[in-house]
Amino acid sequence: MSTTPLFIIGAAEGVILATLLLPLSPLNSLGIGICGIAKVATGKVVCLTVAAFLFAFTCAGMSAAMRPSPADSNSPDDFCDSIQTALIAGVDLVLGYVLIVLSSLMEKSGRLQISHDVLKRQAEQTQVAYMALLENQNGEGNSEGGDDKELAAAQAQVRTLQERCNGLEAEKMELEERCNRAETDTEAMKRQSE
């Protein structure tokens with residue numbers, strides 16, 4: 001059985017994995033975009049079909065290796081070929097799954113980073129408005145009751161935005177930790193496959 005298609009699939013997955021793991025934003029965006037194809041309806045069908053074939057190759061290789069061979073066949077070569085096919089197909093299957101998970105984590109992390117930046121800007125703007133309101137209140141005194149309500153509303157808004165910002169920071173750190181674990185797992189799998 002020829003393992004050339006399995007090597008081609010593995011090489012393609014390795015290239016896509018490299019675009020995700022290298023710390024270059026344009027390459028990361030390219031890798032996320034390529035893996036994003038798997039989220040479209042036709043992409044899901046293609047990915048599931050390839051995964052089914054890889055799973056079938058893995059199972060066929062393992063069953064051929066476990067099957068007792070007749071006396072007239074070249075047993076050691078058949079055994080090695082079966083194990084090699086099963087191993088390569090299994091690694092390709094696992095790498096495909098890792099690529100999809102890693103790209104979705106990186107995509108979610110990017111969206112959270114954008115949300116975090118927006119909320120941080122809003123909090124800074126609210127803080128500036130609050131400071132201006134405090135200065136305005138100190139300059140005019142407490143002659144109007146409406147200023148107290150505005151001040152309380154601004155303080156509440158500042159607290160709310162700071163809480164949301166802190167929540168997003170915690171979620172971002174968790175996603176970065178999961179992304180780092182996925183990268184470590186991927187590197188370990190690459191080392192094991194070599």
# chains A, B, ... in the order shown; residues from 1 in each chain; ligands from 1
call {"tool": "residues_around", "arguments": {"residues": "stretch 150-166 of chain A", "least_positions_apart": "4", "cutoff": "9 Å", "atoms": "only C-alpha atoms", "output": "PyMOL selection string"}}
result
chain A and resi 115-117+119-120+122-124+126-127+129-130+133-134+137+146+170-171
call {"tool": "residues_around", "arguments": {"residues": "stretch 175-182 of chain A", "least_positions_apart": "4", "cutoff": "9 Å", "atoms": "only C-alpha atoms", "output": "MDAnalysis selection string"}}
result
chainID A and resid 98 101:102 105:106 108:109 170:171 186:187
call {"tool": "closest_atom_pairs", "arguments": {"of": "stretch 77-128 of chain A", "to": "stretch 18-40 of chain A", "cutoff": "7 Å", "atoms": "only C-alpha atoms", "output": "JSON lines"}}
result
{"residue": "A:Ile100", "atom": "CA", "partner": "A:Cys35", "partner_atom": "CA", "distance": 6.0}
{"residue": "A:Ser103", "atom": "CA", "partner": "A:Ile32", "partner_atom": "CA", "distance": 5.2}
{"residue": "A:Glu107", "atom": "CA", "partner": "A:Ile32", "partner_atom": "CA", "distance": 6.8}
call {"tool": "write_last_selection", "arguments": {"atoms": "C-alpha atoms", "output": "PDB file, in the first residue's frame"}}
result
ATOM      1  CA  ILE A 100      -9.110  22.730  13.907  1.00  0.00           C
ATOM      2  CA  SER A 103      -7.316  27.611  14.996  1.00  0.00           C
ATOM      3  CA  GLU A 107      -9.691  32.921  16.518  1.00  0.00           C
TER       4      GLU A 107
END
call {"tool": "closest_residue", "arguments": {"among": "A:Met189, A:Asn136, A:Asp81, A:Leu93", "to": "A:Asp148", "atoms": "only C-alpha atoms"}}
result
A:Asn136
call {"tool": "residues_around", "arguments": {"residues": "A:Ala89", "least_positions_apart": "4", "cutoff": "7 Å", "atoms": "only C-alpha atoms", "output": "VMD selection string"}}
result
chain A and resid 6 54 57 to 58 85 93
call {"tool": "closest_residue", "arguments": {"among": "A:Leu95, A:Leu48, A:Cys80, A:Ala60", "to": "A:Gly14", "atoms": "only C-alpha atoms"}}
result
A:Leu95
call {"tool": "closest_residue", "arguments": {"among": "A:Arg121, A:Lys44, A:Lys149, A:Arg111", "to": "A:Lys172", "atoms": "only C-alpha atoms"}}
result
A:Arg111
call {"tool": "closest_residue", "arguments": {"among": "A:Pro5, A:Gly110, A:Gly43, A:Gly61", "to": "A:Phe79", "atoms": "only C-alpha atoms"}}
result
A:Gly61
